[in-house]
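Student: Sharing input.txt here; it has compact mmCIF, C-alpha atoms.
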# COMPACT_ATOMS: atom_id res chain seq x y z
CA MET A 14 0.00 0.00 0.00
CA SER A 15 1.33 3.43 -0.92
CA PRO A 16 2.27 5.77 1.95
CA PRO A 17 0.12 8.92 2.32
CA MET A 18 1.14 11.84 0.08
CA SER A 19 1.89 15.27 1.43
CA ASN A 20 -0.05 18.20 0.00
CA ASP A 21 3.07 19.44 -1.79
CA GLU A 22 3.70 16.02 -3.34
CA ALA A 23 0.08 15.73 -4.45
CA LEU A 24 0.20 19.18 -6.05
CA ARG A 25 3.46 18.39 -7.85
CA ARG A 26 2.18 15.08 -9.20
CA SER A 27 -1.13 16.61 -10.26
CA THR A 28 0.58 19.48 -12.05
CA HIS A 29 3.16 17.38 -13.89
CA GLY A 30 1.18 14.18 -14.37
CA GLY A 31 -1.50 13.05 -16.80
CA THR A 32 -4.87 11.35 -16.43
CA VAL A 33 -6.64 8.35 -17.97
CA LEU A 34 -10.42 8.69 -17.69
CA LEU A 35 -12.57 5.58 -18.04
CA PHE A 36 -16.36 5.66 -18.11
CA ASP A 37 -19.13 3.06 -17.72
CA VAL A 38 -16.78 0.27 -16.61
CA PRO A 39 -18.88 -2.35 -14.72
CA PRO A 40 -17.92 -2.90 -11.05
CA GLY A 41 -15.76 -5.99 -10.61
CA THR A 42 -13.96 -5.49 -13.92
CA GLU A 43 -10.15 -5.52 -13.89
CA PHE A 44 -8.38 -2.34 -14.90
CA GLY A 45 -4.62 -2.21 -15.17
CA ILE A 46 -2.01 0.43 -15.73
CA ASP A 47 1.55 -0.72 -16.34
CA CYS A 48 2.25 -3.55 -13.86
CA THR A 49 -0.57 -2.78 -11.40
CA ILE A 50 -4.07 -4.24 -11.78
CA PHE A 51 -7.13 -3.11 -9.82
CA THR A 52 -10.68 -4.40 -9.46
CA VAL A 53 -12.88 -1.38 -10.06
CA GLY A 54 -15.79 -0.20 -7.93
CA ASP A 55 -18.98 1.77 -8.59
CA LYS A 56 -17.32 5.20 -8.50
CA PHE A 57 -14.22 4.37 -10.54
CA ARG A 58 -13.47 6.87 -13.30
CA GLY A 59 -9.78 6.32 -13.97
CA VAL A 60 -6.27 7.15 -12.76
CA LYS A 61 -4.60 10.54 -12.24
CA MET A 62 -1.06 11.76 -11.52
CA ILE A 63 0.38 9.48 -14.21
CA PRO A 64 4.07 10.28 -14.83
CA PRO A 65 4.79 11.44 -18.40
CA GLY A 66 5.91 8.66 -20.72
CA LEU A 67 4.79 5.42 -22.34
CA HIS A 68 2.16 3.45 -20.40
CA LEU A 69 0.02 0.35 -20.83
CA VAL A 70 -3.66 0.33 -19.85
CA LEU A 71 -5.91 -2.72 -19.94
CA LEU A 72 -9.43 -3.95 -19.22
CA GLY A 73 -10.67 -7.47 -18.65
CA ALA A 74 -12.97 -9.74 -16.68
CA ALA A 75 -11.67 -10.43 -13.19
CA GLY A 76 -9.49 -13.52 -13.04
CA HIS A 77 -9.55 -14.23 -16.79
CA ASP A 78 -6.36 -13.19 -18.61
CA VAL A 79 -7.79 -14.27 -21.96
CA THR A 80 -10.42 -11.50 -21.83
CA ARG A 81 -7.91 -8.72 -21.29
CA VAL A 82 -7.37 -6.11 -23.99
CA ALA A 83 -4.55 -3.60 -23.63
CA GLU A 84 -3.44 -0.38 -25.26
CA PHE A 85 -0.18 1.56 -25.15
CA VAL A 86 -0.67 5.29 -24.65
CA ARG A 87 1.84 8.12 -24.41
CA VAL A 88 0.95 10.51 -21.62
CA GLY A 89 2.40 14.02 -21.51
CA VAL A 90 2.28 16.71 -18.84
CA SER A 91 -1.41 17.48 -18.07
CA ASP A 92 -2.55 15.14 -20.87
CA VAL A 93 -5.96 13.50 -20.48
CA VAL A 94 -6.73 10.22 -22.27
CA VAL A 95 -10.44 9.42 -22.48
CA ARG A 96 -11.79 5.89 -22.92
CA LYS A 97 -15.21 4.29 -22.52
CA TRP A 98 -16.44 0.76 -21.86
CA ASP A 99 -18.36 -0.90 -24.71
CA PRO A 100 -20.87 -3.45 -23.33
CA ALA A 101 -21.16 -5.10 -26.75
CA THR A 102 -17.47 -5.99 -26.99
CA GLU A 103 -16.85 -5.94 -23.20
CA THR A 104 -13.74 -3.84 -23.63
CA PHE A 105 -12.70 -0.38 -24.83
CA ALA A 106 -15.17 1.35 -27.14
CA SER A 107 -13.98 2.61 -30.51
CA GLY A 108 -11.61 5.57 -30.16
CA SER A 109 -12.43 7.55 -27.03
CA GLY A 110 -16.02 6.33 -27.09
CA TYR A 111 -17.30 9.88 -27.53
CA ASP A 112 -17.46 12.47 -30.29
CA GLU A 113 -14.72 15.08 -30.46
CA ALA A 114 -16.68 17.81 -28.66
CA GLN A 115 -17.63 15.58 -25.70
CA THR A 116 -14.09 14.24 -25.46
CA GLU A 117 -12.73 17.79 -25.19
CA ARG A 118 -15.29 18.66 -22.48
CA LEU A 119 -14.24 15.64 -20.43
CA GLN A 120 -10.56 16.51 -20.86
CA MET A 121 -11.24 20.06 -19.70
CA GLY A 122 -13.14 18.75 -16.69
CA ALA A 123 -10.20 16.55 -15.69
CA ARG A 124 -7.81 19.50 -15.89
CA GLN A 125 -10.19 21.46 -13.65
CA HIS A 126 -10.13 18.56 -11.13
CA ASP A 127 -13.82 17.71 -11.65
CA PHE A 128 -13.04 13.98 -11.44
CA ASP A 129 -10.53 14.02 -8.58
CA ALA A 130 -12.95 12.30 -6.20
CA PHE A 131 -13.46 9.44 -8.66
CA THR A 132 -9.90 8.85 -9.89
CA GLY A 133 -7.15 7.10 -8.00
CA PRO A 134 -3.51 8.24 -7.96
CA TYR A 135 -0.98 6.36 -10.07
CA PRO A 136 0.87 3.96 -7.73
CA ALA A 137 4.21 5.76 -7.35
CA GLU A 138 6.03 2.60 -6.25
CA SER A 139 5.23 1.02 -9.63
CA LEU A 140 7.04 3.63 -11.71
CA GLU A 141 10.59 2.42 -11.04
CA ILE A 142 9.58 -1.18 -11.79
CA TRP A 143 7.83 -0.14 -15.00
CA ASN A 144 10.79 1.95 -16.14
CA ARG A 145 13.20 -0.92 -15.57
CA LEU A 146 10.96 -3.37 -17.43
CA THR A 147 10.44 -1.08 -20.44
CA SER A 148 13.65 0.97 -20.56
CA HIS A 149 14.19 0.09 -24.25
CA VAL A 150 10.57 -0.08 -25.44
CA SER A 151 9.90 2.77 -27.85
CA GLU A 152 7.23 3.64 -30.38
CA THR A 153 9.54 2.20 -33.05
CA VAL A 154 9.62 -1.12 -31.17
CA LEU A 155 5.82 -1.11 -30.83
CA ASN A 156 5.49 -0.57 -34.59
CA GLN A 157 7.96 -3.35 -35.36
CA CYS A 158 5.98 -5.77 -33.19
CA GLY A 159 2.62 -4.95 -34.76
CA VAL A 160 1.14 -3.07 -31.77
CA PRO A 161 1.57 0.64 -32.60
CA LEU A 162 0.65 3.35 -30.14
CA GLY A 163 -3.11 3.54 -29.67
CA SER A 164 -3.87 0.10 -31.12
CA ARG A 165 -5.68 -2.55 -29.11
CA VAL A 166 -3.61 -5.58 -28.09
CA ALA A 167 -5.07 -9.05 -27.49
CA PRO A 168 -3.30 -11.95 -25.73
CA GLY A 169 -3.45 -14.09 -28.86
CA ASP A 170 -5.30 -14.65 -32.11
CA PRO A 171 -7.57 -17.72 -31.82
CA ASP A 172 -7.93 -17.86 -35.62
CA GLN A 173 -4.19 -18.25 -36.17
CA PRO A 174 -1.84 -21.08 -35.26
CA LEU A 175 0.73 -19.99 -32.70
CA GLU A 176 3.57 -20.31 -35.22
CA ALA A 177 1.99 -17.59 -37.38
CA HIS A 178 2.87 -14.96 -34.80
CA ALA A 179 6.55 -15.43 -35.63
CA ARG A 180 6.43 -15.24 -39.43
CA GLY A 181 7.05 -11.57 -39.91
CA PRO A 182 5.68 -8.11 -39.21
CA GLU A 183 3.41 -8.15 -42.26
CA SER A 184 1.17 -10.80 -40.66
CA ALA A 185 0.12 -8.34 -37.94
CA GLU A 186 -1.62 -6.16 -40.52
CA ALA A 187 -3.02 -9.28 -42.18
CA ALA A 188 -4.47 -10.38 -38.84
CA ARG A 189 -5.97 -6.92 -38.35
CA ARG A 190 -7.60 -7.02 -41.81
CA ARG A 191 -9.04 -10.46 -41.07
CA ALA A 192 -10.38 -9.24 -37.72
CA ILE A 193 -11.95 -6.23 -39.44
CA GLU A 194 -13.73 -8.51 -41.91
CA ASN A 195 -14.94 -10.81 -39.12
CA ALA A 196 -16.16 -7.89 -37.01
CA GLY A 197 -17.64 -5.94 -39.89
CA ALA A 198 -15.69 -2.85 -38.81
CA LYS A 199 -14.78 0.01 -41.07
CA PRO A 200 -11.15 0.24 -42.24
CA GLU A 201 -10.69 3.60 -40.52
CA ASN A 202 -11.38 1.89 -37.18
CA SER A 203 -8.75 -0.80 -37.70
CA GLN A 204 -6.73 0.33 -34.67
CA ASP A 205 -9.72 -0.55 -32.46
CA ILE A 206 -9.68 -4.22 -33.53
CA PRO A 207 -7.57 -6.14 -30.96
CA VAL A 208 -4.80 -8.26 -32.45
CA ALA A 209 -1.96 -10.26 -30.94
CA PRO A 210 1.63 -8.96 -31.02
CA ASN A 211 3.93 -10.23 -33.76
CA PHE A 212 7.65 -10.43 -33.02
CA GLY A 213 8.89 -11.83 -36.31
CA ASP A 214 11.60 -14.47 -36.67
CA ALA A 215 14.56 -12.49 -35.32
CA ALA A 216 15.42 -15.13 -32.72
CA SER A 217 14.58 -18.19 -34.81
CA ARG A 218 17.02 -21.06 -35.35
CA ALA A 219 15.44 -21.91 -38.69
CA PRO A 220 13.80 -18.83 -40.26
CA GLU A 221 11.76 -19.29 -43.42
CA GLY A 222 13.40 -18.58 -46.77
CA VAL A 223 16.95 -18.98 -45.48
CA PRO A 224 19.40 -21.31 -47.32
CA PRO A 225 20.13 -24.65 -45.60
CA GLU A 226 23.80 -23.81 -45.01
CA VAL A 227 22.76 -20.62 -43.17
CA ILE A 228 20.27 -22.57 -41.03
CA THR A 229 23.04 -24.99 -40.10
CA LYS A 230 25.24 -22.10 -39.04
CA LEU A 231 22.43 -20.45 -37.07
CA GLY A 232 21.67 -23.72 -35.30
CA ALA A 233 25.29 -24.30 -34.35
CA ASP A 234 26.35 -20.76 -33.42
CA PRO A 235 24.22 -18.58 -31.11
CA SER A 236 26.51 -15.62 -31.80
CA ALA A 237 25.54 -15.86 -35.49
CA ARG A 238 21.85 -15.86 -34.52
CA LEU A 239 22.39 -12.82 -32.31
CA ALA A 240 24.19 -11.01 -35.12
CA ARG A 241 21.28 -11.78 -37.46
CA ALA A 242 18.72 -10.63 -34.88
CA VAL A 243 20.48 -7.35 -34.14
CA ASP A 244 22.14 -6.47 -37.44
CA ASP A 245 19.73 -7.87 -40.03
CA LYS A 246 16.38 -7.63 -38.26
CA HIS A 247 16.90 -4.49 -36.16
CA GLY A 248 19.28 -2.49 -38.33
CA GLY A 249 22.25 -2.97 -36.01
CA ASP A 250 20.35 -1.39 -33.09
CA TRP A 251 20.71 -3.75 -30.13
CA SER A 252 18.48 -1.45 -28.07
CA SER A 253 15.60 -2.16 -30.47
CA PHE A 254 16.07 -5.94 -30.15
CA LEU A 255 16.25 -5.66 -26.36
CA GLY A 256 13.12 -3.49 -26.48
CA ALA A 257 11.27 -6.28 -28.30
CA GLN A 258 12.40 -8.75 -25.62
CA GLN A 259 11.15 -6.38 -22.90
CA LEU A 260 7.84 -5.84 -24.69
CA ALA A 261 7.34 -9.60 -24.92
CA PHE A 262 7.87 -10.02 -21.18
CA VAL A 263 5.46 -7.20 -20.29
CA LEU A 264 2.70 -8.56 -22.56
CA PHE A 265 3.24 -12.05 -21.14
CA LEU A 266 3.17 -10.66 -17.60
CA VAL A 267 -0.01 -8.57 -17.84
CA LEU A 268 -1.93 -10.25 -20.69
CA GLY A 269 -0.76 -13.83 -20.47
CA SER A 270 0.07 -13.57 -24.18
CA GLU A 271 1.38 -16.85 -25.57
CA PRO A 272 3.07 -15.33 -28.64
CA ALA A 273 4.82 -12.93 -26.26
CA LEU A 274 5.91 -15.83 -24.04
CA MET A 275 7.31 -17.65 -27.07
CA PHE A 276 9.42 -14.70 -28.13
CA TRP A 277 10.54 -13.83 -24.61
CA LYS A 278 11.76 -17.37 -24.13
CA THR A 279 13.59 -17.65 -27.47
CA SER A 280 15.10 -14.14 -27.36
CA SER A 281 16.22 -14.53 -23.73
CA SER A 282 17.79 -17.90 -24.48
CA LEU A 283 19.52 -16.45 -27.53
CA ILE A 284 21.05 -13.53 -25.66
CA CYS A 285 22.15 -15.78 -22.80
CA ASP A 286 23.59 -18.49 -25.07
CA ALA A 287 25.61 -15.92 -27.04
CA ALA A 288 27.12 -14.23 -23.97
CA PHE A 289 30.53 -15.75 -24.72
CA SER A 290 30.66 -13.51 -27.82
CA ALA A 291 30.53 -10.24 -25.81
CA THR A 292 34.08 -9.37 -26.80
CA SER A 293 33.44 -5.99 -28.42
CA LYS A 294 32.31 -2.63 -27.06
CA HIS A 295 29.06 -2.90 -29.04
CA ARG A 296 28.17 -6.29 -27.57
CA LEU A 297 29.28 -5.32 -24.06
CA ALA A 298 26.82 -2.42 -24.12
CA LEU A 299 24.01 -4.85 -24.97
CA TYR A 300 24.90 -7.17 -22.10
CA GLU A 301 25.30 -4.36 -19.60
CA ALA A 302 21.71 -3.29 -20.35
CA PHE A 303 20.38 -6.85 -20.55
CA ALA A 304 21.78 -7.86 -17.15
CA THR A 305 19.80 -5.07 -15.48
CA SER A 306 16.66 -5.71 -17.53
CA PHE A 307 16.72 -9.50 -17.08
CA ALA A 308 17.13 -9.15 -13.31
CA ALA A 309 14.10 -6.84 -13.24
CA GLN A 310 12.08 -9.43 -15.17
CA LEU A 311 13.11 -12.27 -12.89
CA ASP A 312 12.30 -10.13 -9.87
CA ARG A 313 8.67 -10.15 -11.02
CA ALA A 314 8.78 -13.93 -11.11
CA ASN A 315 8.83 -16.46 -8.32
CA GLU A 316 10.68 -19.67 -7.59
CA THR A 317 8.27 -21.78 -9.69
CA LEU A 318 9.39 -19.99 -12.85
CA PHE A 319 12.50 -22.17 -12.76
CA GLN A 320 10.32 -25.24 -13.25
CA ASP A 321 7.16 -23.84 -14.85
CA GLU A 322 5.47 -26.02 -17.42
CA ASP A 323 4.10 -22.86 -19.06
CA LEU A 324 7.66 -22.18 -20.22
CA GLY A 325 7.82 -25.49 -22.02
CA ASP A 326 9.83 -27.20 -19.31
CA ASP A 327 9.28 -30.42 -17.44
CA SER A 328 7.84 -29.02 -14.22
CA SER A 329 8.73 -32.21 -12.36
CA ASN A 330 12.42 -31.83 -13.19
CA ILE A 331 14.07 -28.57 -12.15
CA GLU A 332 17.19 -29.50 -14.12
CA SER A 333 15.25 -29.02 -17.37
CA SER A 334 14.31 -25.41 -16.66
CA PHE A 335 15.04 -23.13 -19.61
CA LEU A 336 15.77 -20.22 -17.26
CA ARG A 337 18.26 -22.20 -15.24
CA LYS A 338 20.22 -23.13 -18.37
CA ALA A 339 19.98 -19.61 -19.76
CA LEU A 340 21.35 -18.02 -16.59
CA VAL A 341 24.21 -20.50 -16.40
CA ASN A 342 25.15 -19.70 -20.00
CA LEU A 343 24.74 -15.96 -19.42
CA THR A 344 26.94 -15.62 -16.35
CA GLY A 345 29.48 -18.21 -17.47
CA GLY A 346 29.68 -16.75 -20.97
CA LEU A 347 30.14 -13.20 -19.67
CA LYS A 348 32.91 -14.32 -17.34
CA ARG A 349 34.69 -16.00 -20.23
CA ALA A 350 34.21 -13.00 -22.56
CA THR A 351 35.36 -10.32 -20.12
CA GLU A 352 38.42 -12.31 -19.08
CA GLU A 353 39.30 -12.76 -22.75
CA MET A 354 38.96 -9.04 -23.41
CA MET A 355 41.25 -8.08 -20.55
CA ASP A 356 43.86 -10.72 -21.35
CA PRO A 357 46.78 -8.85 -23.02
CA GLY A 358 47.78 -12.02 -24.83
CA ASN A 359 44.54 -12.11 -26.84
CA SER A 360 44.93 -8.80 -28.68
CA ASN A 361 47.56 -6.44 -30.00
CA GLU A 362 45.37 -3.48 -29.05
CA THR A 363 45.02 -2.07 -25.55
CA PRO A 364 41.33 -1.70 -24.62
CA SER A 365 40.15 1.92 -24.48
CA GLU A 366 39.09 3.53 -21.23
CA ASP A 367 35.42 3.25 -22.24
CA THR A 368 35.83 -0.44 -23.04
CA ARG A 369 37.54 -1.06 -19.70
CA ARG A 370 34.68 0.66 -17.92
CA LEU A 371 32.16 -1.49 -19.76
CA VAL A 372 34.08 -4.66 -18.92
CA GLN A 373 34.19 -3.69 -15.25
CA GLU A 374 30.48 -2.81 -15.19
CA VAL A 375 29.44 -6.02 -16.96
CA SER A 376 31.62 -8.04 -14.57
CA ARG A 377 30.11 -6.26 -11.57
CA LYS A 378 26.57 -6.90 -12.77
CA ARG A 379 27.39 -10.53 -13.52
CA VAL A 380 28.60 -11.12 -9.97
CA LEU A 381 25.57 -9.32 -8.52
CA LEU A 382 23.26 -11.42 -10.71
CA GLU A 383 24.94 -14.63 -9.56
CA GLN A 384 24.57 -13.63 -5.91
CA TRP A 385 20.99 -12.46 -6.36
CA VAL A 386 19.88 -15.66 -8.15
CA THR A 387 21.43 -17.75 -5.37
CA ALA A 388 19.66 -15.70 -2.69
CA LYS A 389 16.25 -15.60 -4.43
CA PHE A 390 16.08 -18.98 -6.15
CA GLY A 391 18.71 -21.06 -4.37
CA VAL A 392 20.61 -21.73 -7.62
CA ASP A 393 24.43 -21.63 -7.59
CA LEU A 394 25.21 -20.47 -11.13
CA VAL A 395 28.98 -20.49 -10.66
CA ALA A 396 29.05 -24.13 -9.56
CA GLU A 397 26.66 -25.18 -12.29
CA TYR A 398 28.65 -23.42 -15.00
CA VAL A 399 31.80 -25.25 -13.92
CA GLY A 400 29.92 -28.55 -14.11
CA VAL A 401 28.41 -27.78 -17.51
CA LYS A 402 31.71 -26.59 -18.91
CA SER A 403 33.48 -29.79 -17.92
CA GLY A 404 30.66 -32.13 -18.90
CA GLU A 405 27.58 -31.62 -21.00
CA GLU A 406 28.71 -28.43 -22.76
CA MET A 407 31.96 -30.02 -23.93
CA ASP A 408 30.07 -33.02 -25.27
CA ALA A 409 27.73 -30.69 -27.16
CA LYS A 410 30.64 -28.83 -28.75
CA ASP A 411 32.10 -32.11 -30.01
CA SER A 412 28.79 -33.15 -31.55
CA SER A 413 28.43 -33.03 -35.32
CA PHE A 414 24.70 -32.32 -34.90
CA PRO A 415 24.29 -28.77 -33.53
CA PHE A 416 20.59 -28.92 -32.59
CA PRO A 417 19.32 -30.08 -29.17
CA GLU A 418 17.33 -33.30 -29.30
CA ASP A 419 14.15 -31.56 -28.12
CA ASP A 420 14.41 -28.69 -30.66
CA ASP A 421 11.26 -28.63 -32.81
CA GLU A 422 13.13 -26.77 -35.57
CA ALA A 423 15.92 -29.32 -35.85
CA PRO A 424 16.28 -31.33 -39.09
CA VAL A 425 14.91 -34.86 -38.99
CA VAL A 426 17.56 -37.59 -39.11
CA VAL A 427 16.24 -40.76 -40.74
CA GLU A 428 17.78 -44.12 -39.92
CA LEU A 429 17.42 -46.76 -42.67
CA PRO A 430 17.13 -50.50 -42.03
CA GLU A 431 20.39 -52.42 -41.88
CA GLY A 432 21.61 -53.36 -45.35
CA THR A 433 20.00 -50.39 -47.08
CA PHE A 434 22.35 -47.92 -48.75
CA MET A 435 21.71 -44.68 -50.59
CA ARG A 436 23.62 -42.70 -53.14
CA MET A 437 22.93 -40.04 -55.73
CA ASN A 438 24.15 -40.89 -59.18
CA ASP A 439 26.10 -38.26 -61.06
CA VAL A 440 23.48 -38.09 -63.83
CA THR A 441 20.76 -35.74 -64.99
CA LEU A 442 17.40 -36.93 -63.71
CA GLU A 443 14.19 -36.73 -65.62
CA ASP A 444 11.00 -35.65 -63.84
CA GLY A 445 9.68 -38.48 -61.69
CA GLU A 446 12.89 -40.57 -61.67
CA GLU A 447 14.08 -41.99 -58.35
CA ILE A 448 17.33 -40.64 -56.96
CA TRP A 449 17.74 -43.35 -54.33
CA GLU A 450 19.10 -46.78 -55.10
CA GLY A 451 18.88 -49.55 -52.52
CA ASP A 452 21.16 -52.56 -52.69
CA THR A 453 18.65 -54.74 -50.85
CA GLN A 454 15.39 -52.76 -50.91
CA SER A 455 13.90 -49.45 -51.92
CA PRO A 456 13.38 -46.99 -49.09
CA ASP A 457 9.71 -46.29 -48.39
CA THR A 458 8.18 -42.89 -47.87
CA ASN A 459 8.92 -42.95 -44.17
CA GLN A 460 12.61 -43.57 -44.72
CA ALA A 461 13.77 -40.97 -47.22
CA ARG A 462 12.38 -38.23 -49.38
Output the file's structure as structure tokens, nothing else.

Tutor:
Amino acid sequence: MSPPMSNDEALRRSTHGGTVLLFDVPPGTEFGIDCTIFTVGDKFRGVKMIPPGLHLVLLGAAGHDVTRVAEFVRVGVSDVVVRKWDPATETFASGSGYDEAQTERLQMGARQHDFDAFTGPYPAESLEIWNRLTSHVSETVLNQCGVPLGSRVAPGDPDQPLEAHARGPESAEAARRRAIENAGAKPENSQDIPVAPNFGDAASRAPEGVPPEVITKLGADPSARLARAVDDKHGGDWSSFLGAQQLAFVLFLVLGSEPALMFWKTSSSLICDAAFSATSKHRLALYEAFATSFAAQLDRANETLFQDEDLGDDSSNIESSFLRKALVNLTGGLKRATEEMMDPGNSNETPSEDTRRLVQEVSRKRVLLEQWVTAKFGVDLVAEYVGVKSGEEMDAKDSSFPFPEDDDEAPVVVELPEGTFMRMNDVTLEDGEEIWEGDTQSPDTNQAR
């Protein structure tokens, strides 16, 4: 519970903050702003004293994440955002819900404090948490992920398979057009049709349309996947890629969005797995920011997240936790990378003062993260990294097959019955000719294609 505000503090926050007005919301409905969710009462009309910046507001039936619909809004000093409940759709009405003249009257009333008795103050203790969770989320990131400012965001699209949310940014607009057709809405109201976020294939091991030799490289080398994600998919802007990872976590946290969970898991694993490659100033800057952001995300979690079946792990076996493996790779990889950078025998160039500062800061945050994870979750990352490095990780590096056995995107290896051999003749084949020759039998359709 927030401590009481002094009169001076209340005046300062009222003068410099904004307001979100909400009308006709049924009592018992959930309303959320950023990471805080309330159950509204009869007199609820919104939230005041909102710090300027990017914020997330949502509505939904109490206790049912799937009914939640969210919207990102940018609030400026003394700004007033007006929204209305639509009983037909059980969420936000189209636009503000009012005509332009009525909207302006309501905004004027809020600035004259007409609604102060019916609006609650923004929870000040939430601001630092929200800022840490969204420090790299920008309007550009929202656009890239198919949820531009002012658009309505749904947890997922029931008319699309889950894989479709990772095909590319163009499918977000396609989903919106399909939703418009299903709802019979006018094109100019397309922003009011809720759609799921779309994060593209930046973190994929096997993106569509990529040559097989590139897929092999991406599967074997997480640093190559990270370079593709940052350089090819985000124009070399690591902050944009990190912003997409943060956005995914926030939408998973407050909406229970499955596409967001998928991307948060794959992007987090990618960044952690590639930590050993943080041997340049550019990469060190990414990992300095990620260490702080990832700790903030884990701080919103609890101990069960290390063995949560919602993350695709075997909840009965804590050793299979994706987060556990990711954190071991992150801290161990950063230790290896920073030691390599500061080793005079590894380079003819002396690191600059800025690079040295980054190395020291990344090292400091790595140690703090190790200590914090041990204290909060009871996991000794240092000891586990030593065990992985000497055992399983070394075996994996020696393997000629770079994909984990449980990777859905891995190529399928087909074993033929004993005595069956295959070869491709050095001849030109006509359409329909077989390319396989079996010395004892012809392979059936389940054996080779």

Student: Using only C-alpha atoms, collect all residues at a distance of at most 8 Å from (1.5, 0.7, -30.6) as written in the file, then present them as a list in words.

Tutor: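 Returned residue set, sorted by chain then number, is Glu84, Phe85, Val86, Glu152, Leu155, Asn156, Gly159, Val160, Pro161, Leu162, Gly163 and Ser164 of chain A.
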
Student: Emit the selected residues as a PDB file, in the coordinates of the input, including C-alpha atoms.

Tutor:
ATOM      1  CA  GLU A  84      -3.440  -0.380 -25.260  1.00  0.00           C
ATOM      2  CA  PHE A  85      -0.180   1.560 -25.150  1.00  0.00           C
ATOM      3  CA  VAL A  86      -0.670   5.290 -24.650  1.00  0.00           C
ATOM      4  CA  GLU A 152       7.230   3.640 -30.380  1.00  0.00           C
ATOM      5  CA  LEU A 155       5.820  -1.110 -30.830  1.00  0.00           C
ATOM      6  CA  ASN A 156       5.490  -0.570 -34.590  1.00  0.00           C
ATOM      7  CA  GLY A 159       2.620  -4.950 -34.760  1.00  0.00           C
ATOM      8  CA  VAL A 160       1.140  -3.070 -31.770  1.00  0.00           C
ATOM      9  CA  PRO A 161       1.570   0.640 -32.600  1.00  0.00           C
ATOM     10  CA  LEU A 162       0.650   3.350 -30.140  1.00  0.00           C
ATOM     11  CA  GLY A 163      -3.110   3.540 -29.670  1.00  0.00           C
ATOM     12  CA  SER A 164      -3.870   0.100 -31.120  1.00  0.00           C
TER      13      SER A 164
END

Student: In Å, rounded to a single decimal, give me how far atom CA of Ser109 of chain A is from atom CA of Arg96 of chain A.

Tutor: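 Straight-line distance from atom CA of Arg96 of chain A to atom CA of Ser109 of chain A works out to 4.5 Å.
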
Student: Go through A:Leu67, A:Ala74, A:Leu119, A:Ala106 one by one, measure the shortest atom-to-atom distance of each to Ile206 of chain A using only C-alpha atoms, and give the residue with the smallest value.

Tutor: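 The answer is A:Ala106, which sits nearest to Ile206 of chain A.
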
Student: Using atom CA of Ile228 of chain A and atom CA of Ala240 of chain A as the two end points, give the distance in Å to one decimal.

Tutor: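 Rounded to one decimal, the two atoms are 13.6 Å apart.
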
Student: Which of these, A:Arg124, A:His68, A:Arg118, A:His149, has the shortest distance to Val93 of chain A once you count all atoms listed in the file?

Tutor: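 Checking each of A:Arg124, A:His68, A:Arg118, A:His149 against Val93 of chain A, counting all atoms listed in the file, the winner is A:Arg124.
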
Student: What is the atom CA of Val90 of chain A to atom CA of Thr28 of chain A distance in Å?

Tutor: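 Taking atom CA of Val90 of chain A as the start and atom CA of Thr28 of chain A as the end point, the length is 7.5 Å.
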
Student: Here is a test: counting only C-alpha atoms, which residue of A:Gly232, A:Gly30, A:Gly346, A:Gly256 is nearest to Ser148 of chain A?

Tutor: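 Of A:Gly232, A:Gly30, A:Gly346, A:Gly256, the one nearest Ser148 of chain A, counting only C-alpha atoms, is A:Gly256.
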
Student: Counting only C-alpha atoms, what is within 12 Å of Arg26 of chain A, bar same-chain residues fewer than 2 positions away, as number ranges by chain?

Tutor: A: 18-24, 28-32, 61-65, 90-91, 134-137

Student: Would you place a box with edges along x, y and z of the file around all atoms of segment 22-28 of chain A listed there, add 8 Å to each of its six sides, and report the centre and edge lengths in Å to one decimal, as JSON?

Tutor:
{"center_x": 1.3, "center_y": 17.3, "center_z": -7.7, "size_x": 20.8, "size_y": 20.4, "size_z": 24.7}

Student: Between A:Thr52, A:Ser290, A:Asn144, A:Ser334, which residue has the minimum interatomic distance to Thr351 of chain A, considering all atoms listed in the file?

Tutor: A:Ser290

Student: Compare A:Gly358, A:Gly133, A:Gly391, A:Gly41 by their minimum atom-to-atom distance to Gly59 of chain A, counting all atoms listed in the file, and give me the closest one.

Tutor: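 Closest to Gly59 of chain A of all the choices is A:Gly133.
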
Student: Mind checking which residues fall within 9 Å of Ser253 of chain A, counting all atoms listed in the file, ignoring those fewer than 2 positions away in the same chain, and posting them as a PyMOL selection string?

Tutor: chain A and resi 149-151+153-154+243+247-251+255-258
